[in-house]
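K.L.:
Just dropping this structure here.
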Amino acid sequence: MEERLRDIRSTRNPKARIKIMEGHFATTHSHVNIYIDMSTVKCRHNNARETAKTLAAKYVSTTPIDTIICMDGTEVIATFMAEILSDNSVLSINAGKNISVVTPEFGSGGQIIFRDNNQRMIKNMQVLLLSASATTGKTISQAVECINYYGGRVCGIAAIFSAVKQSHGLEVNAIFNGGDLPVKYEAYSPLDCPYCKKNVRIEAVVNSFGYSKV
């Protein structure tokens, strides 16, 4: 499968790069026609820093941020974002802040949890939600509701790739969207998937960690 991966570079920053592969894939919530590999921007520090720089630009002079919540293994990007946002050498509304970078835990039923020791970084704080991808928007919506439950105020939503433009009244600040892909990104419920109806086998189960052939 690896030889089918194609590079896609962001028009906002060419150093932010993802790979895509067309086919029939299953995610937690849906079946999709494109697998998006984000290992380059999530794991390589130069690419992660450039990705963080591009995402942070929207918030530097406009949005107070106390905490960044990391979904889908985006901790490296979030750390660079915190550094950029709090930089004393630029005109930033967050200059000098000690921004928290927090990863939630997922319970056995899929619910998002923040342990007691991390809840102080959520309650009454301005929270930026950072996700690798938002395909149907369900996980982002779940995360926003969870942050609200723990007393945080979601002040922004950022993603590397998003097929949705808004969630809970907030714009999703994404480096890549559906228009950046060579073919239209499609997500279907398992019962309505046209590939399944044509008996096209699922090639892989995909999530934020990557893909596993089936």
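Residue names in the structure tokens use chain letters A, B, ... in the order shown, residue numbers from 1 in each chain, and ligand numbers from 1 in the order shown.
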Got a sec: who's within 12 Å of A:Arg9, counting only C-alpha atoms, leaving out chain neighbours fewer than 2 positions off, as a ChimeraX atom specification?

P.N.:
/A:6-7,11-20,38,40-41,47,50-51,160-161,175-177,180-182

K.L.:
Could you find all residues in chain A that DSSP calls strand (DSSP E) from the backbone, and write them as number ranges by chain?

P.N.:
A: 6-9, 17-26, 31-37, 67-70, 100-102, 105-106, 112-113, 126-134, 153-162, 166-167, 170-177, 187-188, 204-207, 210-213

K.L.:
What's around stretch 131-136 of chain A at 9 Å? Count only C-alpha atoms, leave out sequence neighbours fewer than 3 positions away in its own chain, and write the answer as a list in words.

P.N.:
His29, Ser30, Val32, Ile36, Met38, Lys42, Ile69, Cys70, Met71, Asp72, Gly73, Thr74, Thr139, Ile140, Ile157, Ala158, Ala159, Ile160, Phe161, Ser162, Ala163, Val164, Val172, Ala174, Tyr185, Glu186, Ala187 and Ser208 of chain A

K.L.:
So that I can see what lies close to A:Lys198, please list as a list in words the residues with an atom at most 12 Å from it, counting only C-alpha atoms and leaving out residues fewer than 5 positions away in the same chain.

P.N.:
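What passes the distance filter is His24, Asp192 and Cys193 of chain A.
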
K.L.:
For A:Asn94, which of A:Tyr195, A:Gly110, A:Pro64, A:Gln119 is the closest residue, counting only C-alpha atoms?

P.N.:
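Going through A:Tyr195, A:Gly110, A:Pro64, A:Gln119 one by one, the smallest distance to A:Asn94 is for A:Pro64.
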